[in-house]
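Undergrad: mmCIF, C-alpha atoms, saved as protein30.cif, coming up:
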data_work
loop_
_atom_site.label_atom_id
_atom_site.label_comp_id
_atom_site.auth_asym_id
_atom_site.auth_seq_id
_atom_site.Cartn_x
_atom_site.Cartn_y
_atom_site.Cartn_z
CA MET A 1 60.49 130.79 134.74
CA PHE A 2 59.60 127.80 132.59
CA ASP A 3 61.65 129.18 129.70
CA ASP A 4 64.79 128.14 131.58
CA PHE A 5 65.63 124.57 130.49
CA LEU A 6 67.53 123.90 133.72
CA VAL A 7 64.48 124.79 135.80
CA ARG A 8 62.32 122.48 133.70
CA ALA A 9 64.91 119.72 134.03
CA ALA A 10 65.07 120.12 137.82
CA LEU A 11 61.27 120.06 138.12
CA ALA A 12 61.14 116.96 135.92
CA GLY A 13 63.69 115.17 138.11
CA ILE A 14 61.83 116.11 141.28
CA GLY A 15 58.52 114.96 139.79
CA VAL A 16 59.93 111.55 138.87
CA SER A 17 61.54 111.23 142.32
CA LEU A 18 58.24 111.94 144.08
CA ALA A 19 56.42 109.32 142.00
CA ALA A 20 59.17 106.71 142.29
CA ALA A 21 59.74 106.99 146.06
CA PRO A 22 56.64 105.27 147.52
CA LEU A 23 56.55 102.76 144.69
CA GLY A 24 60.23 102.01 145.18
CA CYS A 25 59.56 101.27 148.84
CA PHE A 26 57.05 98.57 147.94
CA ILE A 27 59.45 97.15 145.36
CA VAL A 28 62.13 96.91 148.06
CA TRP A 29 59.75 95.44 150.66
CA ARG A 30 58.38 92.88 148.20
CA ARG A 31 61.82 92.14 146.72
CA MET A 32 60.50 93.02 143.26
CA ALA A 33 63.61 94.78 141.95
CA TYR A 34 63.80 92.59 138.86
CA PHE A 35 60.09 93.18 138.24
CA GLY A 36 60.69 96.91 137.96
CA ASP A 37 63.68 96.29 135.70
CA ALA A 38 61.62 94.10 133.36
CA THR A 39 58.85 96.67 133.08
CA ALA A 40 61.37 99.41 132.35
CA HIS A 41 63.13 97.39 129.66
CA ALA A 42 59.80 96.78 127.94
CA ALA A 43 59.48 100.55 127.51
CA MET A 44 61.81 100.38 124.49
CA LEU A 45 59.19 98.34 122.67
CA GLY A 46 56.68 101.05 123.55
CA VAL A 47 58.97 103.67 122.00
CA ALA A 48 59.11 101.65 118.77
CA LEU A 49 55.32 101.29 118.75
CA SER A 50 54.80 105.02 119.27
CA LEU A 51 57.22 105.95 116.51
CA THR A 52 55.60 103.48 114.13
CA LEU A 53 52.05 104.69 114.80
CA GLN A 54 53.17 108.33 115.15
CA THR A 55 51.57 108.63 118.58
CA PRO A 56 52.98 110.31 121.72
CA ILE A 57 55.89 108.35 123.24
CA PHE A 58 54.17 108.46 126.63
CA ALA A 59 51.14 106.56 125.30
CA GLY A 60 53.14 103.76 123.69
CA VAL A 61 55.47 103.33 126.65
CA LEU A 62 52.57 103.30 129.11
CA LEU A 63 50.68 100.70 127.06
CA ILE A 64 53.61 98.31 126.65
CA SER A 65 54.86 98.75 130.22
CA LEU A 66 51.39 98.03 131.55
CA LEU A 67 51.04 95.02 129.26
CA MET A 68 54.40 93.66 130.39
CA ALA A 69 53.65 94.17 134.08
CA VAL A 70 50.21 92.54 133.84
CA THR A 71 51.60 89.61 131.82
CA VAL A 72 54.35 88.94 134.36
CA SER A 73 51.90 89.21 137.27
CA THR A 74 49.53 86.77 135.56
CA LEU A 75 52.12 84.18 134.56
CA SER A 76 54.02 84.26 137.85
CA GLY A 77 51.33 82.22 139.59
CA ARG A 78 51.08 79.54 136.90
CA GLY A 79 54.13 77.41 137.39
CA TYR A 80 56.76 79.83 136.08
CA ALA A 81 59.73 80.75 138.24
CA MET A 82 59.57 84.52 138.71
CA ASP A 83 63.27 85.24 138.18
CA THR A 84 63.40 83.13 135.02
CA LEU A 85 60.20 84.64 133.64
CA LEU A 86 61.40 88.19 134.32
CA GLY A 87 64.80 87.52 132.79
CA VAL A 88 63.30 86.14 129.59
CA MET A 89 60.68 88.86 129.17
CA ALA A 90 62.87 91.81 130.19
CA HIS A 91 65.73 91.14 127.81
CA SER A 92 63.46 89.90 125.04
CA ALA A 93 61.34 93.07 125.16
CA LEU A 94 64.44 95.30 125.16
CA ALA A 95 65.98 93.42 122.24
CA VAL A 96 62.76 93.39 120.21
CA GLY A 97 62.33 97.11 120.89
CA LEU A 98 65.85 97.96 119.73
CA VAL A 99 65.53 95.83 116.59
CA SER A 100 62.10 97.31 115.81
CA VAL A 101 63.46 100.85 116.12
CA SER A 102 66.30 100.02 113.71
CA PHE A 103 63.76 99.08 111.01
CA LEU A 104 61.93 102.40 111.13
CA SER A 105 62.62 104.38 107.98
CA GLY A 106 62.34 108.13 107.64
CA VAL A 107 62.46 108.61 111.42
CA ARG A 108 65.46 110.17 113.10
CA ILE A 109 66.03 108.38 116.39
CA ASP A 110 68.42 109.18 119.21
CA LEU A 111 68.71 105.82 120.96
CA MET A 112 70.94 107.24 123.68
CA ALA A 113 68.15 109.62 124.70
CA TYR A 114 65.73 106.73 125.16
CA LEU A 115 68.25 104.43 126.84
CA PHE A 116 69.78 106.96 129.25
CA GLY A 117 67.31 109.84 129.24
CA ASP A 118 67.40 113.39 127.89
CA ILE A 119 66.26 115.48 130.82
CA LEU A 120 67.73 118.69 129.40
CA ALA A 121 65.30 118.44 126.47
CA VAL A 122 62.20 118.35 128.69
CA GLY A 123 59.60 120.80 127.41
CA LYS A 124 56.49 122.25 129.01
CA THR A 125 54.32 119.43 127.67
CA ASP A 126 56.76 116.81 128.98
CA LEU A 127 56.76 118.55 132.34
CA ALA A 128 52.96 118.50 132.48
CA ILE A 129 52.94 114.77 131.65
CA ILE A 130 55.60 113.99 134.26
CA TRP A 131 53.86 115.88 137.07
CA GLY A 132 50.43 114.64 136.00
CA GLY A 133 51.70 111.06 136.11
CA ALA A 134 53.45 111.67 139.43
CA LEU A 135 50.29 113.06 141.01
CA LEU A 136 48.27 110.13 139.68
CA VAL A 137 50.72 107.63 141.16
CA LEU A 138 50.76 109.44 144.51
CA ILE A 139 46.97 109.48 144.62
CA MET A 140 46.74 105.78 143.73
CA VAL A 141 49.35 104.67 146.25
CA GLY A 142 48.10 107.05 148.94
CA TYR A 143 44.50 105.89 148.55
CA ARG A 144 45.51 102.20 148.74
CA TRP A 145 48.39 102.69 151.22
CA SER A 146 47.00 100.65 154.12
CA ALA A 147 45.80 97.83 151.89
CA LEU A 148 49.07 97.76 149.97
CA LEU A 149 51.07 97.73 153.19
CA LEU A 150 49.04 94.94 154.79
CA SER A 151 49.13 92.76 151.67
CA THR A 152 52.89 93.30 151.51
CA LEU A 153 53.60 92.47 155.15
CA ASN A 154 51.08 89.65 155.61
CA PRO A 155 49.05 88.42 152.60
CA ASP A 156 47.13 85.92 154.73
CA LEU A 157 46.04 88.60 157.20
CA ALA A 158 45.11 90.84 154.28
CA MET A 159 42.83 88.15 152.83
CA ALA A 160 41.28 87.59 156.25
CA SER A 161 40.57 91.33 156.37
CA GLY A 162 38.82 91.25 153.02
CA ILE A 163 41.74 92.65 151.04
CA SER A 164 42.79 90.89 147.83
CA PRO A 165 46.61 90.71 147.54
CA ARG A 166 46.31 90.19 143.78
CA ARG A 167 44.23 93.33 143.44
CA GLU A 168 46.84 95.30 145.35
CA GLN A 169 49.50 93.76 143.13
CA LEU A 170 47.55 95.09 140.15
CA VAL A 171 47.51 98.59 141.69
CA LEU A 172 51.30 98.45 142.04
CA THR A 173 51.56 97.15 138.48
CA ILE A 174 49.58 100.07 137.05
CA ALA A 175 51.51 102.59 139.16
CA LEU A 176 54.80 101.09 138.03
CA ALA A 177 53.81 101.37 134.37
CA ILE A 178 52.95 105.05 134.87
CA VAL A 179 56.28 105.76 136.58
CA VAL A 180 58.18 104.05 133.76
CA ALA A 181 56.27 106.08 131.17
CA VAL A 182 57.00 109.42 132.84
CA ALA A 183 60.60 108.61 133.81
CA ILE A 184 61.86 107.56 130.38
CA LYS A 185 62.53 111.20 129.45
CA VAL A 186 64.50 111.82 132.64
CA VAL A 187 66.74 108.77 133.16
CA GLY A 188 65.93 106.49 130.20
CA VAL A 189 64.97 102.84 129.92
CA LEU A 190 68.14 101.39 131.42
CA LEU A 191 68.24 103.57 134.56
CA ILE A 192 64.59 103.79 135.62
CA ALA A 193 64.91 100.84 138.01
CA ALA A 194 67.82 102.57 139.75
CA MET A 195 65.66 105.61 140.58
CA LEU A 196 63.00 103.28 141.95
CA ILE A 197 65.22 101.11 144.10
CA ILE A 198 68.28 103.07 145.31
CA PRO A 199 66.51 105.98 147.10
CA ALA A 200 64.18 103.53 148.85
CA ALA A 201 67.08 101.24 149.81
CA THR A 202 69.00 104.25 151.14
CA ALA A 203 66.06 105.47 153.21
CA ARG A 204 65.30 102.05 154.68
CA ARG A 205 67.99 102.07 157.35
CA PHE A 206 67.09 105.57 158.57
CA SER A 207 63.32 105.07 158.86
CA ARG A 208 61.25 103.75 161.73
CA THR A 209 57.92 103.70 159.88
CA PRO A 210 56.89 102.90 156.28
CA GLU A 211 55.60 106.44 155.82
CA ALA A 212 58.90 107.92 156.97
CA MET A 213 60.77 105.65 154.56
CA ALA A 214 58.64 106.79 151.61
CA LEU A 215 59.09 110.46 152.54
CA LEU A 216 62.85 110.13 153.04
CA ALA A 217 63.18 108.22 149.75
CA ALA A 218 61.42 111.09 147.96
CA ILE A 219 63.77 113.64 149.55
CA ILE A 220 66.85 111.60 148.65
CA GLY A 221 65.67 111.11 145.07
CA ALA A 222 64.82 114.80 144.62
CA CYS A 223 68.16 115.96 146.08
CA ALA A 224 70.04 113.49 143.88
CA SER A 225 68.17 114.73 140.81
CA VAL A 226 69.03 118.37 141.45
CA ALA A 227 72.63 117.60 142.45
CA GLY A 228 73.11 115.29 139.47
CA LEU A 229 71.75 117.95 137.14
CA SER A 230 74.16 120.50 138.60
CA PHE A 231 77.17 118.18 138.29
CA SER A 232 76.18 117.28 134.74
CA TYR A 233 75.94 120.94 133.78
CA HIS A 234 79.32 121.85 135.26
CA PHE A 235 81.28 118.75 134.17
CA ASP A 236 79.50 118.18 130.84
CA SER A 237 78.57 114.58 131.69
CA PRO A 238 75.42 112.69 130.61
CA THR A 239 72.66 113.89 132.93
CA GLY A 240 70.65 110.69 133.51
CA PRO A 241 73.66 108.54 134.45
CA THR A 242 75.06 111.40 136.57
CA ILE A 243 71.83 111.54 138.60
CA VAL A 244 72.04 107.78 139.21
CA CYS A 245 75.72 108.11 140.17
CA VAL A 246 74.79 110.73 142.76
CA VAL A 247 72.01 108.63 144.29
CA ALA A 248 74.33 105.60 144.34
CA PHE A 249 76.99 107.72 146.08
CA LEU A 250 74.42 108.78 148.67
CA PHE A 251 73.51 105.13 149.22
CA VAL A 252 77.12 104.18 149.94
CA VAL A 253 77.93 107.21 152.10
CA LEU A 254 74.73 107.24 154.15
CA ASN A 255 74.91 103.52 154.81
CA ALA A 256 78.52 103.88 155.92
CA VAL A 257 77.57 106.74 158.22
CA HIS A 258 74.68 104.71 159.64
CA SER A 259 76.98 101.76 160.34
CA ILE A 260 79.56 103.96 162.06
CA ILE A 261 76.95 105.68 164.23
CA ARG A 262 75.36 102.37 165.17
CA ARG A 263 78.68 100.89 166.21
CA LEU A 264 79.56 103.94 168.27
CA PHE A 265 76.29 103.98 170.18
CA SER A 266 75.56 100.26 170.43
CA GLY A 267 79.01 98.78 170.68
CA SER A 268 78.37 96.39 167.78
CA GLU A 269 81.28 94.48 166.40
CA PRO A 270 82.25 95.16 162.80
CA GLY A 271 80.29 93.04 160.37
CA THR A 272 77.28 92.56 162.65
CA VAL A 273 75.20 95.43 161.27
#
Can you turn what I pasted into structure tokens?

TA:
Amino acid sequence: MFDDFLVRAALAGIGVSLAAAPLGCFIVWRRMAYFGDATAHAAMLGVALSLTLQTPIFAGVLLISLLMAVTVSTLSGRGYAMDTLLGVMAHSALAVGLVSVSFLSGVRIDLMAYLFGDILAVGKTDLAIIWGGALLVLIMVGYRWSALLLSTLNPDLAMASGISPRREQLVLTIALAIVVAVAIKVVGVLLIAAMLIIPAATARRFSRTPEAMALLAAIIGACASVAGLSFSYHFDSPTGPTIVCVVAFLFVVLNAVHSIIRRLFSGSEPGTV
């Protein structure tokens, strides 16, 4: 079964979707989209570090992504505007990573694979890392779900309940770094944020509870991964971008359907939804 590269690719996409779904929900609720983008862009510097030290790509990406996320979380409360700080660090890390990779001698590098993913080249070891990381993220988020949710909805109430919002922010930071590290093989540095945000944003309008939103986001992401892989195989298009195109298409279509249904059953005027 695992000798079939398409099966491995599909399992890799599903694994990333499962890990990204609940985390993407918190990113949407907290309006942290740029935060996820900055952490993902920093992954390129992790690739350069891994290639330089001849260590596994996963280790370098995880280290740099975690360092970036912790740095941004620390500096954001010390007089720096969050959007400015994220803009500076995200693009700086990506640029430094790309320049660093260009200086590596004797190493054959496929930048497109790191920037846009190479899901068709996922091996058994990659698959084990992806699903191991996904399970770790699900365990972390599941264990801290109530605390994360309360600190997201009402930080003051969370503090009154003995929950530290900054500690929960750190949990999200670590989980985000893990997702970035496991997703780089599937969709690449430039498209990781899309897999975090778009399924969660799509699921938001169809969900009555946070748990339902996380579950629906996982289903949407997994379906988009499999469908994108199929379209890529049949039309010979780049797989990572094709997966993101499919999930973006689902976002547009499902939101249009939701708006139409709501107008039909509630009598809302156009533009009020």

Undergrad: Applying the PyMOL selection byres ((chain A and resi 28) around 9) to the file I just gave you, which residues come out? Please list them as a list in words.

TA: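 Those residues are Leu23, Gly24, Cys25, Phe26, Ile27, Trp29, Arg30, Arg31, Met32, Ala33, Leu196, Ile197, Ala200, Ala201 and Arg204 of chain A.
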
Undergrad: Given the choices A:Leu264, A:Ala95, A:Ala128, A:Ala194, which gets closest to A:Val180 if the distance is worked out from only C-alpha atoms?

TA: A:Ala194

Undergrad: I'd like the residues picked by the PyMOL selection byres ((chain A and resi 203) around 12) written out as a PyMOL selection string, using the chain letters and numbers from the file.

TA: chain A and resi 21-22+24-25+28+196-202+204-221+247+250-252+254-255+258

Undergrad: Filtering to C-alpha atoms, could you give me those residues as a compact mmCIF listing (two decimals), in the frame of the given file?

TA:
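File out-v1.txt, as written:
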# COMPACT_ATOMS: atom_id res chain seq x y z
CA ALA A 21 59.74 106.99 146.06
CA PRO A 22 56.64 105.27 147.52
CA GLY A 24 60.23 102.01 145.18
CA CYS A 25 59.56 101.27 148.84
CA VAL A 28 62.13 96.91 148.06
CA LEU A 196 63.00 103.28 141.95
CA ILE A 197 65.22 101.11 144.10
CA ILE A 198 68.28 103.07 145.31
CA PRO A 199 66.51 105.98 147.10
CA ALA A 200 64.18 103.53 148.85
CA ALA A 201 67.08 101.24 149.81
CA THR A 202 69.00 104.25 151.14
CA ARG A 204 65.30 102.05 154.68
CA ARG A 205 67.99 102.07 157.35
CA PHE A 206 67.09 105.57 158.57
CA SER A 207 63.32 105.07 158.86
CA ARG A 208 61.25 103.75 161.73
CA THR A 209 57.92 103.70 159.88
CA PRO A 210 56.89 102.90 156.28
CA GLU A 211 55.60 106.44 155.82
CA ALA A 212 58.90 107.92 156.97
CA MET A 213 60.77 105.65 154.56
CA ALA A 214 58.64 106.79 151.61
CA LEU A 215 59.09 110.46 152.54
CA LEU A 216 62.85 110.13 153.04
CA ALA A 217 63.18 108.22 149.75
CA ALA A 218 61.42 111.09 147.96
CA ILE A 219 63.77 113.64 149.55
CA ILE A 220 66.85 111.60 148.65
CA GLY A 221 65.67 111.11 145.07
CA VAL A 247 72.01 108.63 144.29
CA LEU A 250 74.42 108.78 148.67
CA PHE A 251 73.51 105.13 149.22
CA VAL A 252 77.12 104.18 149.94
CA LEU A 254 74.73 107.24 154.15
CA ASN A 255 74.91 103.52 154.81
CA HIS A 258 74.68 104.71 159.64

Undergrad: Any idea what the distance is between atom CA of A:Arg166 and atom CA of A:Leu18?

TA: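 Computing it gives 24.8 Å between the two atoms.
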
Undergrad: Each side padded by 6 Å, which centre and which edge lengths in Å (one decimal) define the axis-aligned box around the listed atoms of stretch 224-231 of chain A? Give them as AutoDock Vina command-line options.

TA:
--center_x 72.7 --center_y 117.0 --center_z 140.5 --size_x 21.0 --size_y 19.0 --size_z 18.7

Undergrad: Just to confirm, what's the straight-line distance from atom CA of A:Leu94 to atom CA of A:His41 in Å (one decimal)?

TA: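 Atom-to-atom, atom CA of A:Leu94 and atom CA of A:His41 are spaced 5.1 Å apart.
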
Undergrad: As an exercise, work out the distance from atom CA of A:Ser151 to atom CA of A:Gly36 in Å and give it to one decimal place.

TA: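 That distance, rounded to one decimal, is 18.4 Å.
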
Undergrad: Which residues of stretch 136-236 of chain A come within 12 Å of stretch 57-60 of chain A, and what is each one's closest atom pair and distance in Å (one decimal), counting all atoms listed in the file, sorted by chain and residue number, as a Markdown table?

TA:
| residue | atom | partner | partner_atom | distance |
| --- | --- | --- | --- | --- |
| A:Ala177 | CA | A:Phe58 | CA | 10.5 |
| A:Ile178 | CA | A:Phe58 | CA | 9.0 |
| A:Val179 | CA | A:Phe58 | CA | 10.5 |
| A:Val180 | CA | A:Phe58 | CA | 9.3 |
| A:Ala181 | CA | A:Phe58 | CA | 5.5 |
| A:Val182 | CA | A:Phe58 | CA | 6.9 |
| A:Ala183 | CA | A:Phe58 | CA | 9.6 |
| A:Ile184 | CA | A:Phe58 | CA | 8.6 |
| A:Lys185 | CA | A:Phe58 | CA | 9.2 |

Undergrad: Neighbours of A:Ala19 within 8 Å (only C-alpha atoms; same-chain residues fewer than 6 positions away dropped), as a compact mmCIF listing (two decimals) with C-alpha atoms, keeping the file's coordinate frame?

TA:
# COMPACT_ATOMS: atom_id res chain seq x y z
CA GLY A 133 51.70 111.06 136.11
CA ALA A 134 53.45 111.67 139.43
CA LEU A 135 50.29 113.06 141.01
CA VAL A 137 50.72 107.63 141.16
CA LEU A 138 50.76 109.44 144.51
CA VAL A 179 56.28 105.76 136.58
CA ALA A 218 61.42 111.09 147.96

Undergrad: Do you know which residues the PyMOL selection byres ((chain A and resi 43) around 10) returns on this file, as an MDAnalysis selection string?

TA: chainID A and resid 38:42 44:49 57:58 60:66 68 90 93:94 97 114:115 177 180:181 184 188:190

Undergrad: Save the residues we just selected, C-alpha atoms, as a tab-separated table (two decimals), keeping the file's coordinate frame?

TA:
chain	number	residue	atom	x	y	z
A	38	ALA	CA	61.62	94.10	133.36
A	39	THR	CA	58.85	96.67	133.08
A	40	ALA	CA	61.37	99.41	132.35
A	41	HIS	CA	63.13	97.39	129.66
A	42	ALA	CA	59.80	96.78	127.94
A	44	MET	CA	61.81	100.38	124.49
A	45	LEU	CA	59.19	98.34	122.67
A	46	GLY	CA	56.68	101.05	123.55
A	47	VAL	CA	58.97	103.67	122.00
A	48	ALA	CA	59.11	101.65	118.77
A	49	LEU	CA	55.32	101.29	118.75
A	57	ILE	CA	55.89	108.35	123.24
A	58	PHE	CA	54.17	108.46	126.63
A	60	GLY	CA	53.14	103.76	123.69
A	61	VAL	CA	55.47	103.33	126.65
A	62	LEU	CA	52.57	103.30	129.11
A	63	LEU	CA	50.68	100.70	127.06
A	64	ILE	CA	53.61	98.31	126.65
A	65	SER	CA	54.86	98.75	130.22
A	66	LEU	CA	51.39	98.03	131.55
A	68	MET	CA	54.40	93.66	130.39
A	90	ALA	CA	62.87	91.81	130.19
A	93	ALA	CA	61.34	93.07	125.16
A	94	LEU	CA	64.44	95.30	125.16
A	97	GLY	CA	62.33	97.11	120.89
A	114	TYR	CA	65.73	106.73	125.16
A	115	LEU	CA	68.25	104.43	126.84
A	177	ALA	CA	53.81	101.37	134.37
A	180	VAL	CA	58.18	104.05	133.76
A	181	ALA	CA	56.27	106.08	131.17
A	184	ILE	CA	61.86	107.56	130.38
A	188	GLY	CA	65.93	106.49	130.20
A	189	VAL	CA	64.97	102.84	129.92
A	190	LEU	CA	68.14	101.39	131.42

Undergrad: Counting all atoms listed in the file, figure out which residue out of A:Ala227, A:Met195, A:Leu157, A:Val257 gets nearest to A:Val244.

TA: A:Met195

Undergrad: Could you check which of A:Leu148, A:Ala256, A:Ala248, A:Leu176 is closest to A:Ser164, using all atoms listed in the file?

TA: A:Leu148

Undergrad: Could stretch 185-195 of chain A be completed with all heavy atoms and written as a CSV table (one decimal), in the coordinates of the input, please?

TA:
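Here's the written file rebuild.csv:
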chain,number,residue,atom,x,y,z
A,185,LYS,N,61.9,110.0,129.9
A,185,LYS,CA,62.5,111.2,129.4
A,185,LYS,C,63.6,111.7,130.4
A,185,LYS,O,64.6,112.4,129.9
A,185,LYS,CB,61.4,112.3,129.3
A,185,LYS,CG,61.9,113.6,128.7
A,185,LYS,CD,61.9,113.4,127.2
A,185,LYS,CE,62.2,114.7,126.5
A,185,LYS,NZ,62.2,114.6,125.0
A,186,VAL,N,63.6,111.3,131.6
A,186,VAL,CA,64.5,111.8,132.6
A,186,VAL,C,65.7,111.0,132.7
A,186,VAL,O,66.9,111.4,132.6
A,186,VAL,CB,63.8,111.9,134.0
A,186,VAL,CG1,64.8,112.4,135.1
A,186,VAL,CG2,62.7,112.9,133.9
A,187,VAL,N,65.6,109.6,133.0
A,187,VAL,CA,66.7,108.8,133.2
A,187,VAL,C,66.8,107.7,132.1
A,187,VAL,O,67.8,106.9,132.1
A,187,VAL,CB,66.7,108.2,134.6
A,187,VAL,CG1,67.1,109.2,135.6
A,187,VAL,CG2,65.4,107.5,134.9
A,188,GLY,N,65.8,107.5,131.3
A,188,GLY,CA,65.9,106.5,130.2
A,188,GLY,C,65.6,105.1,130.7
A,188,GLY,O,65.4,104.8,131.9
A,189,VAL,N,65.4,104.2,129.7
A,189,VAL,CA,65.0,102.8,129.9
A,189,VAL,C,65.9,102.1,130.9
A,189,VAL,O,65.4,101.4,131.7
A,189,VAL,CB,64.9,102.1,128.6
A,189,VAL,CG1,64.7,100.6,128.8
A,189,VAL,CG2,63.7,102.7,127.7
A,190,LEU,N,67.2,102.2,130.7
A,190,LEU,CA,68.1,101.4,131.4
A,190,LEU,C,68.3,101.8,132.9
A,190,LEU,O,68.9,101.1,133.7
A,190,LEU,CB,69.5,101.4,130.7
A,190,LEU,CG,69.5,100.8,129.3
A,190,LEU,CD1,70.9,100.8,128.7
A,190,LEU,CD2,68.9,99.4,129.3
A,191,LEU,N,67.9,103.0,133.2
A,191,LEU,CA,68.2,103.6,134.6
A,191,LEU,C,67.0,103.8,135.4
A,191,LEU,O,67.1,104.3,136.5
A,191,LEU,CB,69.1,104.9,134.4
A,191,LEU,CG,70.4,104.7,133.7
A,191,LEU,CD1,71.1,106.1,133.6
A,191,LEU,CD2,71.3,103.8,134.5
A,192,ILE,N,65.8,103.5,134.9
A,192,ILE,CA,64.6,103.8,135.6
A,192,ILE,C,64.6,103.0,136.9
A,192,ILE,O,64.2,103.5,138.0
A,192,ILE,CB,63.4,103.5,134.8
A,192,ILE,CG1,63.2,104.5,133.6
A,192,ILE,CG2,62.1,103.5,135.6
A,192,ILE,CD1,62.1,104.2,132.6
A,193,ALA,N,64.9,101.7,136.8
A,193,ALA,CA,64.9,100.8,138.0
A,193,ALA,C,65.8,101.4,139.1
A,193,ALA,O,65.5,101.2,140.3
A,193,ALA,CB,65.3,99.4,137.6
A,194,ALA,N,66.9,102.0,138.7
A,194,ALA,CA,67.8,102.6,139.8
A,194,ALA,C,67.1,103.7,140.6
A,194,ALA,O,67.3,103.8,141.8
A,194,ALA,CB,69.1,103.1,139.1
A,195,MET,N,66.4,104.5,139.9
A,195,MET,CA,65.7,105.6,140.6
A,195,MET,C,64.5,105.1,141.4
A,195,MET,O,64.1,105.8,142.4
A,195,MET,CB,65.2,106.6,139.6
A,195,MET,CG,66.3,107.5,138.9
A,195,MET,SD,67.3,108.4,140.2
A,195,MET,CE,66.1,109.5,140.8
